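Coordinates as given in structure08.txt (compact mmCIF, C-alpha atoms and all ligand atoms):
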# COMPACT_ATOMS: atom_id res chain seq x y z
CA MET A 151 4.49 152.42 -21.47
CA THR A 152 1.06 153.55 -22.52
CA THR A 153 0.32 151.46 -25.57
CA ASP A 154 -3.19 150.03 -25.75
CA LEU A 155 -2.46 146.34 -25.36
CA GLY A 156 -5.96 145.24 -26.20
CA ARG A 157 -5.28 146.46 -29.70
CA SER A 158 -1.52 146.03 -30.05
CA ALA A 159 -0.09 142.63 -30.87
CA ILE A 160 3.44 144.00 -30.77
CA ALA A 161 4.58 147.15 -29.04
CA ALA A 162 8.10 148.39 -28.46
CA THR A 163 9.60 151.64 -27.24
CA ALA A 164 13.17 152.84 -27.48
CA LEU A 165 14.53 149.48 -28.53
CA ARG A 166 18.34 149.46 -28.64
CA LYS A 167 20.92 146.83 -29.45
CA ALA A 168 24.63 147.08 -30.11
CA TYR A 169 27.34 144.51 -30.76
CA GLY A 170 30.43 146.10 -29.27
CA ASP A 171 30.77 149.51 -30.94
CA HIS A 172 28.39 148.55 -33.69
CA VAL A 173 24.98 150.04 -32.93
CA VAL A 174 22.48 147.88 -34.79
CA LEU A 175 19.22 149.29 -33.38
CA ASP A 176 19.27 152.85 -32.16
CA GLY A 177 15.87 153.52 -30.60
CA ILE A 178 13.05 151.76 -32.40
CA ASP A 179 9.38 152.25 -31.57
CA LEU A 180 6.71 149.88 -32.84
CA ASP A 181 2.98 149.62 -32.37
CA ILE A 182 1.39 146.89 -34.46
CA PRO A 183 -2.37 146.28 -34.20
CA ALA A 184 -3.61 142.72 -33.76
CA GLY A 185 -4.80 141.08 -36.97
CA SER A 186 -2.57 143.12 -39.25
CA VAL A 187 0.53 142.52 -41.35
CA PHE A 188 3.53 144.68 -40.59
CA ALA A 189 6.57 144.67 -42.89
CA LEU A 190 10.01 145.77 -41.77
CA LEU A 191 11.86 146.73 -44.93
CA GLY A 192 15.60 147.08 -45.18
CA PRO A 193 18.69 145.89 -47.03
CA ASN A 194 20.96 143.08 -45.92
CA GLY A 195 22.57 143.85 -42.57
CA ALA A 196 20.09 146.59 -41.62
CA GLY A 197 19.12 144.79 -38.40
CA LYS A 198 15.82 143.18 -39.37
CA THR A 199 16.70 139.74 -38.03
CA THR A 200 17.96 141.35 -34.84
CA VAL A 201 14.52 142.92 -34.27
CA VAL A 202 12.83 139.55 -34.83
CA GLN A 203 15.27 137.79 -32.51
CA ILE A 204 14.66 140.32 -29.75
CA LEU A 205 10.87 140.31 -30.06
CA SER A 206 10.79 136.52 -30.17
CA THR A 207 12.95 136.30 -27.00
CA LEU A 208 15.93 134.67 -28.76
CA ILE A 209 18.30 137.49 -27.82
CA ARG A 210 18.10 140.34 -25.34
CA ALA A 211 17.88 144.01 -26.21
CA ASP A 212 20.26 146.40 -24.43
CA GLU A 213 17.40 148.80 -23.73
CA GLY A 214 13.74 149.24 -24.44
CA GLU A 215 10.36 147.95 -23.42
CA MET A 216 8.56 145.39 -25.51
CA ARG A 217 5.30 143.53 -25.32
CA VAL A 218 4.25 140.77 -27.67
CA ALA A 219 0.76 139.25 -27.58
CA GLY A 220 0.20 141.15 -24.34
CA HIS A 221 3.26 139.76 -22.54
CA ASP A 222 6.42 141.53 -21.47
CA VAL A 223 9.29 140.14 -23.56
CA VAL A 224 11.90 140.44 -20.81
CA ARG A 225 9.81 139.51 -17.75
CA ASP A 226 7.59 136.83 -19.29
CA PRO A 227 9.54 135.22 -22.12
CA ASP A 228 7.80 131.85 -21.73
CA GLU A 229 4.37 133.41 -22.22
CA VAL A 230 5.66 135.21 -25.30
CA ARG A 231 7.12 132.00 -26.70
CA GLY A 232 3.81 130.23 -26.13
CA ALA A 233 1.94 132.83 -28.19
CA ILE A 234 4.26 133.25 -31.17
CA GLY A 235 5.61 131.34 -34.14
CA VAL A 236 8.88 132.16 -35.86
CA THR A 237 10.08 131.08 -39.26
CA GLY A 238 13.23 132.44 -40.66
CA GLN A 239 16.47 131.94 -42.39
CA PHE A 240 17.41 129.32 -39.81
CA SER A 241 14.57 126.98 -40.44
CA ALA A 242 13.36 124.45 -37.91
CA VAL A 243 13.00 121.79 -40.62
CA ASP A 244 14.99 118.60 -39.93
CA ASN A 245 16.42 117.45 -43.26
CA PHE A 246 16.54 113.78 -42.33
CA LEU A 247 12.88 113.59 -41.38
CA THR A 248 10.02 113.52 -43.85
CA GLY A 249 7.61 116.43 -44.06
CA GLU A 250 5.06 114.45 -42.10
CA GLU A 251 7.58 113.44 -39.42
CA ASN A 252 8.69 117.05 -39.03
CA LEU A 253 5.08 118.05 -38.40
CA LEU A 254 4.46 115.16 -36.01
CA LEU A 255 7.57 116.13 -34.08
CA MET A 256 6.26 119.69 -33.77
CA ALA A 257 2.87 118.37 -32.67
CA CYS A 258 4.64 116.35 -29.98
CA LEU A 259 6.78 119.31 -28.87
CA ASN A 260 3.65 121.44 -28.69
CA ARG A 261 2.02 118.74 -26.53
CA LEU A 262 -0.94 118.22 -28.81
CA PRO A 263 -3.07 115.29 -27.63
CA ARG A 264 -1.74 112.12 -29.27
CA ARG A 265 -4.97 111.42 -31.18
CA GLU A 266 -4.94 114.88 -32.79
CA ARG A 267 -1.36 114.81 -34.04
CA ARG A 268 -1.81 112.82 -37.26
CA GLN A 269 -4.90 114.74 -38.27
CA THR A 270 -3.21 118.10 -37.63
CA ALA A 271 -0.20 117.02 -39.71
CA ALA A 272 -2.42 115.75 -42.53
CA ASP A 273 -4.49 118.95 -42.56
CA LEU A 274 -1.39 121.15 -42.70
CA LEU A 275 0.26 119.02 -45.40
CA GLU A 276 -2.84 119.39 -47.52
CA ARG A 277 -3.22 123.09 -46.86
CA PHE A 278 0.39 123.75 -47.88
CA ASP A 279 0.23 121.50 -50.93
CA LEU A 280 2.73 119.02 -49.48
CA THR A 281 0.59 115.87 -49.31
CA ASP A 282 2.38 114.19 -52.25
CA ALA A 283 5.76 114.88 -50.66
CA ALA A 284 4.67 114.02 -47.11
CA ARG A 285 6.66 110.77 -46.95
CA LYS A 286 9.81 112.12 -48.57
CA PRO A 287 12.78 113.42 -46.55
CA ALA A 288 12.82 117.21 -46.31
CA MET A 289 16.30 117.27 -47.87
CA THR A 290 14.66 116.40 -51.20
CA TYR A 291 12.33 119.42 -51.05
CA SER A 292 12.69 122.51 -53.22
CA GLY A 293 13.27 125.91 -51.58
CA GLY A 294 9.57 126.78 -51.87
CA MET A 295 8.47 123.45 -50.34
CA ARG A 296 10.86 123.90 -47.42
CA ARG A 297 9.49 127.36 -46.67
CA ARG A 298 5.95 126.00 -46.80
CA LEU A 299 6.86 123.14 -44.47
CA ASP A 300 8.61 125.54 -42.12
CA LEU A 301 5.52 127.74 -41.96
CA ALA A 302 3.26 124.71 -41.52
CA MET A 303 5.43 123.61 -38.58
CA THR A 304 5.04 127.04 -37.03
CA LEU A 305 1.26 126.78 -37.28
CA VAL A 306 1.11 123.54 -35.29
CA GLY A 307 1.32 125.62 -32.10
CA ARG A 308 -1.57 127.88 -33.21
CA PRO A 309 0.38 131.11 -32.71
CA ARG A 310 -1.43 134.44 -32.49
CA VAL A 311 1.63 136.35 -33.68
CA ILE A 312 3.89 135.04 -36.44
CA PHE A 313 7.33 136.37 -37.28
CA LEU A 314 8.40 135.70 -40.85
CA ASP A 315 12.02 136.61 -41.38
CA GLU A 316 12.57 137.12 -45.12
CA PRO A 317 10.06 134.41 -46.04
CA THR A 318 10.71 134.52 -49.78
CA THR A 319 14.38 135.45 -50.11
CA GLY A 320 15.95 133.10 -52.63
CA LEU A 321 12.66 131.76 -53.96
CA ASP A 322 11.70 131.84 -57.63
CA PRO A 323 8.87 134.22 -58.58
CA ARG A 324 6.25 131.48 -58.66
CA SER A 325 7.10 130.09 -55.22
CA ARG A 326 7.21 133.64 -53.95
CA ARG A 327 3.66 134.28 -55.15
CA THR A 328 2.47 131.05 -53.54
CA MET A 329 3.97 132.15 -50.22
CA TRP A 330 2.25 135.52 -50.54
CA GLU A 331 -1.12 133.82 -51.02
CA ILE A 332 -0.51 131.60 -48.00
CA ILE A 333 0.52 134.51 -45.80
CA ARG A 334 -2.46 136.64 -46.82
CA GLY A 335 -4.74 133.65 -46.21
CA LEU A 336 -3.43 133.29 -42.66
CA VAL A 337 -4.38 136.84 -41.83
CA ASN A 338 -7.74 136.82 -43.58
CA ASP A 339 -8.86 133.40 -42.32
CA GLU A 340 -7.40 133.28 -38.83
CA GLY A 341 -6.84 136.88 -37.82
CA VAL A 342 -3.24 136.29 -36.77
CA THR A 343 -0.77 139.16 -36.64
CA ILE A 344 2.21 138.92 -38.94
CA PHE A 345 5.54 140.63 -38.50
CA LEU A 346 7.41 140.23 -41.74
CA THR A 347 10.92 141.28 -42.70
CA THR A 348 11.83 141.71 -46.32
CA GLN A 349 14.28 143.26 -48.76
CA TYR A 350 11.60 143.54 -51.42
CA LEU A 351 9.41 146.61 -51.69
CA GLU A 352 7.00 144.66 -53.87
CA GLU A 353 6.56 142.02 -51.16
CA ALA A 354 5.93 144.60 -48.45
CA ASP A 355 3.50 146.37 -50.77
CA ARG A 356 1.56 143.19 -51.57
CA LEU A 357 1.28 141.91 -48.03
CA ALA A 358 1.54 144.63 -45.47
CA ASP A 359 -1.00 146.95 -43.92
CA ARG A 360 1.90 149.06 -42.72
CA ILE A 361 5.54 149.23 -43.73
CA ALA A 362 8.50 150.56 -41.76
CA VAL A 363 11.88 151.24 -43.33
CA LEU A 364 14.99 150.46 -41.28
CA HIS A 365 18.09 152.54 -41.98
CA ARG A 366 21.17 152.93 -39.80
CA GLY A 367 19.41 151.57 -36.75
CA ARG A 368 16.34 153.79 -37.01
CA LEU A 369 12.97 153.69 -38.67
CA VAL A 370 13.13 156.38 -41.34
CA ALA A 371 9.56 155.92 -42.58
CA GLU A 372 6.46 154.19 -41.30
CA GLY A 373 2.99 154.03 -42.79
CA PRO A 374 0.66 152.29 -45.21
CA PRO A 375 2.20 151.12 -48.50
CA GLU A 376 0.39 153.83 -50.49
CA GLU A 377 2.04 156.52 -48.42
CA LEU A 378 5.48 155.05 -48.90
CA LYS A 379 4.96 154.62 -52.62
CA ARG A 380 3.81 158.22 -52.89
CA GLN A 381 7.07 159.31 -51.30
CA VAL A 382 9.06 157.05 -53.58
CA GLY A 383 7.22 158.09 -56.72
CA GLY A 384 6.07 155.88 -59.57
CA GLY A 385 8.21 153.68 -61.70
CA HIS A 386 9.85 154.61 -64.95
CA ILE A 387 10.24 153.29 -68.45
CA THR A 388 13.57 153.05 -70.23
CA LEU A 389 13.62 153.32 -74.01
CA ARG A 390 16.65 152.42 -76.10
CA PHE A 391 17.08 153.56 -79.67
CA ALA A 392 19.26 152.01 -82.37
CA ASP A 393 19.37 155.19 -84.46
CA PRO A 394 20.67 158.39 -82.79
CA ARG A 395 18.23 160.44 -84.91
CA ASP A 396 15.29 158.52 -83.45
CA TYR A 397 16.83 159.03 -80.02
CA GLU A 398 17.11 162.81 -80.46
CA GLN A 399 13.61 163.11 -81.85
CA ALA A 400 12.16 161.04 -78.98
CA ALA A 401 14.06 163.19 -76.46
CA ARG A 402 12.34 166.26 -77.95
CA THR A 403 8.92 164.59 -78.07
CA LEU A 404 8.66 162.89 -74.68
CA ASP A 405 8.64 164.02 -71.06
CA VAL A 406 12.16 162.82 -70.21
CA VAL A 407 13.41 162.21 -66.64
CA SER A 408 16.98 161.40 -67.59
CA ARG A 409 18.98 160.60 -70.73
CA ASP A 410 22.14 158.74 -71.63
CA ASP A 411 23.47 160.10 -74.94
CA GLU A 412 26.13 157.44 -75.28
CA ALA A 413 23.77 154.49 -74.83
CA CYS A 414 20.93 156.29 -76.68
CA THR A 415 18.53 155.58 -73.82
CA LEU A 416 15.84 157.76 -72.29
CA GLN A 417 13.99 157.35 -69.02
CA ILE A 418 10.44 158.57 -68.85
CA PRO A 419 7.99 158.36 -65.94
CA GLY A 420 5.44 155.57 -66.18
CA ARG A 421 3.94 152.59 -64.39
CA GLY A 422 4.17 150.11 -67.22
CA ASP A 423 0.46 149.26 -67.40
CA VAL A 424 -0.71 148.05 -70.80
CA ARG A 425 -2.84 151.08 -71.58
CA SER A 426 -0.07 153.64 -71.05
CA LEU A 427 2.53 151.46 -72.79
CA ARG A 428 0.24 151.17 -75.80
CA ALA A 429 -0.32 154.93 -75.81
CA LEU A 430 3.43 155.52 -75.62
CA LEU A 431 4.20 153.15 -78.50
CA ASP A 432 1.38 154.65 -80.60
CA ARG A 433 2.80 158.09 -80.00
CA LEU A 434 6.26 156.99 -81.13
CA ASP A 435 4.76 155.22 -84.17
CA HIS A 436 2.85 158.31 -85.22
CA ALA A 437 6.03 160.35 -85.03
CA SER A 438 7.81 157.58 -87.03
CA ILE A 439 10.30 157.05 -84.22
CA ALA A 440 11.67 153.51 -84.06
CA VAL A 441 12.37 152.28 -80.55
CA ASP A 442 14.65 149.31 -80.22
CA GLU A 443 13.96 148.19 -76.67
CA LEU A 444 11.63 149.08 -73.82
CA ARG A 445 12.02 148.21 -70.15
CA VAL A 446 9.61 148.82 -67.30
CA HIS A 447 11.16 149.57 -63.92
CA THR A 448 8.90 149.21 -60.89
CA PRO A 449 10.15 150.98 -57.74
CA ASP A 450 12.39 148.77 -55.60
CA LEU A 451 14.29 148.98 -52.35
CA ASP A 452 16.92 151.22 -53.91
CA ASP A 453 14.26 153.70 -55.00
CA VAL A 454 12.86 153.72 -51.45
CA PHE A 455 16.25 154.46 -49.98
CA LEU A 456 17.12 157.06 -52.58
CA ALA A 457 13.83 158.84 -51.93
CA LEU A 458 14.05 158.64 -48.13
CA THR A 459 17.76 158.99 -47.44
CA GLY A 460 19.42 160.14 -50.65
CA ASN A 461 21.51 156.95 -50.63
CA PRO A 462 21.06 153.61 -52.38
CA ALA A 463 20.13 150.67 -50.16
CA ASN A 464 23.23 148.65 -50.94
CA PRO A 465 26.01 151.02 -51.94
CA ALA A 466 28.57 148.22 -51.89
CA ASN A 467 26.35 145.91 -53.88
CA PRO A 468 24.30 147.75 -56.48
CA ALA A 469 22.96 144.50 -57.89
CA ASN A 470 19.54 144.52 -56.27
CA PRO A 471 16.90 141.83 -56.71
CA ALA A 472 15.66 142.18 -60.25
CA THR A 473 12.62 144.29 -60.87
CA GLU A 474 13.29 145.04 -64.52
CA GLN A 475 10.72 143.39 -66.70
CA GLU A 476 11.52 142.44 -70.21
CA PRO A 477 9.93 144.35 -73.01
CA ALA A 478 6.63 143.65 -74.65
CA ARG A 479 8.16 144.05 -78.08
P1 LIG B 1 19.34 141.87 -41.50
O1 LIG B 1 18.45 140.82 -40.95
O2 LIG B 1 18.65 143.16 -41.78
O3 LIG B 1 20.12 141.38 -42.70
P2 LIG B 1 20.86 141.46 -39.05
O4 LIG B 1 19.90 141.78 -37.97
O5 LIG B 1 21.10 140.01 -39.35
O6 LIG B 1 20.45 142.24 -40.39
O7 LIG B 1 22.26 142.11 -38.70
C1 LIG B 1 22.39 143.47 -38.40
C2 LIG B 1 23.84 143.78 -38.10
O8 LIG B 1 24.21 143.20 -36.86
C3 LIG B 1 24.80 143.25 -39.13
O9 LIG B 1 25.80 144.21 -39.36
C4 LIG B 1 25.38 142.02 -38.48
O10 LIG B 1 26.68 141.78 -38.94
C5 LIG B 1 25.36 142.41 -37.02
N1 LIG B 1 25.23 141.23 -36.13
C6 LIG B 1 24.18 140.40 -36.07
N2 LIG B 1 24.35 139.44 -35.14
C7 LIG B 1 25.57 139.67 -34.60
C8 LIG B 1 26.36 139.03 -33.57
N3 LIG B 1 25.91 137.94 -32.93
N4 LIG B 1 27.55 139.56 -33.28
C9 LIG B 1 28.02 140.66 -33.92
N5 LIG B 1 27.34 141.32 -34.89
C10 LIG B 1 26.13 140.83 -35.23
What do you get writing this file as structure tokens?
Ligand code: ADP
Amino acid sequence: MTTDLGRSAIAATALRKAYGDHVVLDGIDLDIPAGSVFALLGPNGAGKTTVVQILSTLIRADEGEMRVAGHDVVRDPDEVRGAIGVTGQFSAVDNFLTGEENLLLMACLNRLPRRERRQTAADLLERFDLTDAARKPAMTYSGGMRRRLDLAMTLVGRPRVIFLDEPTTGLDPRSRRTMWEIIRGLVNDEGVTIFLTTQYLEEADRLADRIAVLHRGRLVAEGPPEELKRQVGGGHITLRFADPRDYEQAARTLDVVSRDDEACTLQIPGRGDVRSLRALLDRLDHASIAVDELRVHTPDLDDVFLALTGNPANPANPANPATEQEPAR
């Protein structure tokens, strides 16, 4: 393999993995520069966790060459393990221990000198806003607190490469934003490399320098978020009208993407920023068109998959994480 390892924190070529007849990864290439955030985007079951498990030495690939933090994943798994941190859906947090005890245990496992352990735990508890909960058992923590503790535990070993497997799935929007700030801070302050998996386009967009989209075992797109968003197109705005006459008049007046005559709704292109929403509403007001409801739709995983593959991300489960925002009226 010819990847420049001085620059690459993670490099893989022709990575393959199957379970029986089920091909999960069908030839994946990765080249992730040190000090960057890479997001692997895909729906449930796409194989994201499998990639993380292979790169973090938890399971073996069937084929492919991989290097993480300069070490060969197959030949030197111990070196890889010493250089990485992994947090994921199967968290390392012990429910019966307090937050502080969990961190002290990690410090012990990482063979930190005894005199440094308490200080390291205290620093991490403070940094992750867990000082008040430090003496409470982890089982009493909220979802957001658990994720923060899990990430704090990962940092005890001072990893250069961190794998975050769906770090905000199941969190409320506020806890999700807190995690985003923490993750960005790690990269900006410490120059670590982050490999993130997510089902949320918005999350990949906020955090990643580059995004790759996993579909049927292959990467169907790879590039900076702007590039992906350009391919996906902007969002749209849905307008619903109570009076069919208003609906018809609006359909004649506006640049309509699609219409639903039965529901009296129109979709028009738009990003939902305040200035363009105000201009839209002014335009409808001037034409004396009464709009009953307005929704802003930011592009989500389904839009990515429709744009890239012509198929929705979750055909069996169209209920995707919500990205509809309630109206400003
Ligand atoms: P994601 O993280 O994107 O949700 P996963 O990597 O967990 O996806 O799973 C990818 C596919 O591999 C799924 O269809 C899953 O059922 C299958 N899979 C994962 N682990 C195993 C296993 N140990 N045995 C059989 N199939 C598995």
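Here CA of Gly385 (chain A) stands at a distance of 10.8 Å from CA of Arg445 (chain A).
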Requested in this report: Return as a PyMOL selection string the residues of protein, DNA or RNA that approach ligand LIG 1 (chain B) to within 8 Å, with all atoms listed in the file taken into account.
Outcome: chain A and resi 168-170+172-174+192-201+315+347
Report task. Step by step: start from the point (4.4, 142.6, -51.3) in the file's coordinates, keep every protein, DNA or RNA residue that has an atom no farther than 12 Å from it, count all atoms listed in the file, and write the set as a PyMOL selection string. Result -> chain A and resi 187-191+316-318+323+326-331+333-334+346-361+375-376+450-451
Taking every listed atom of region 192-203 of chain A and adding 8 Å to each side, what centre and edge lengths in Å (one decimal) does the axis-aligned box have, as JSON?
{"center_x": 17.7, "center_y": 142.4, "center_z": -39.8, "size_x": 25.7, "size_y": 25.3, "size_z": 30.5}
Distance query Arg261 (chain A) at most 12 Å, all atoms listed in the file, self and fewer than 5 positions along chain excluded, as a CSV table (one decimal) with C-alpha atoms, in the frame of the given file:
chain,number,residue,atom,x,y,z
A,232,GLY,CA,3.8,130.2,-26.1
A,254,LEU,CA,4.5,115.2,-36.0
A,255,LEU,CA,7.6,116.1,-34.1
A,256,MET,CA,6.3,119.7,-33.8
A,266,GLU,CA,-4.9,114.9,-32.8
A,267,ARG,CA,-1.4,114.8,-34.0
A,306,VAL,CA,1.1,123.5,-35.3
A,307,GLY,CA,1.3,125.6,-32.1
A,308,ARG,CA,-1.6,127.9,-33.2
Query raised in the report: Could you pull the residues within 6 Å of region 410-427 of chain A, counting only C-alpha atoms, minus those fewer than 4 positions along the same chain, as an MDAnalysis selection string?
Result: chainID A and resid 385:391 397 406 446
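The gap separating CA of Val311 (chain A) from CA of Phe345 (chain A) is 7.5 Å, in Å to one decimal.
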Query raised in the report: Got a sec: who's within 8 Å of Gly185 (chain A), counting all atoms listed in the file, leaving out chain neighbours fewer than 6 positions off, as a ChimeraX atom specification?
Result: /A:159,337,341-344
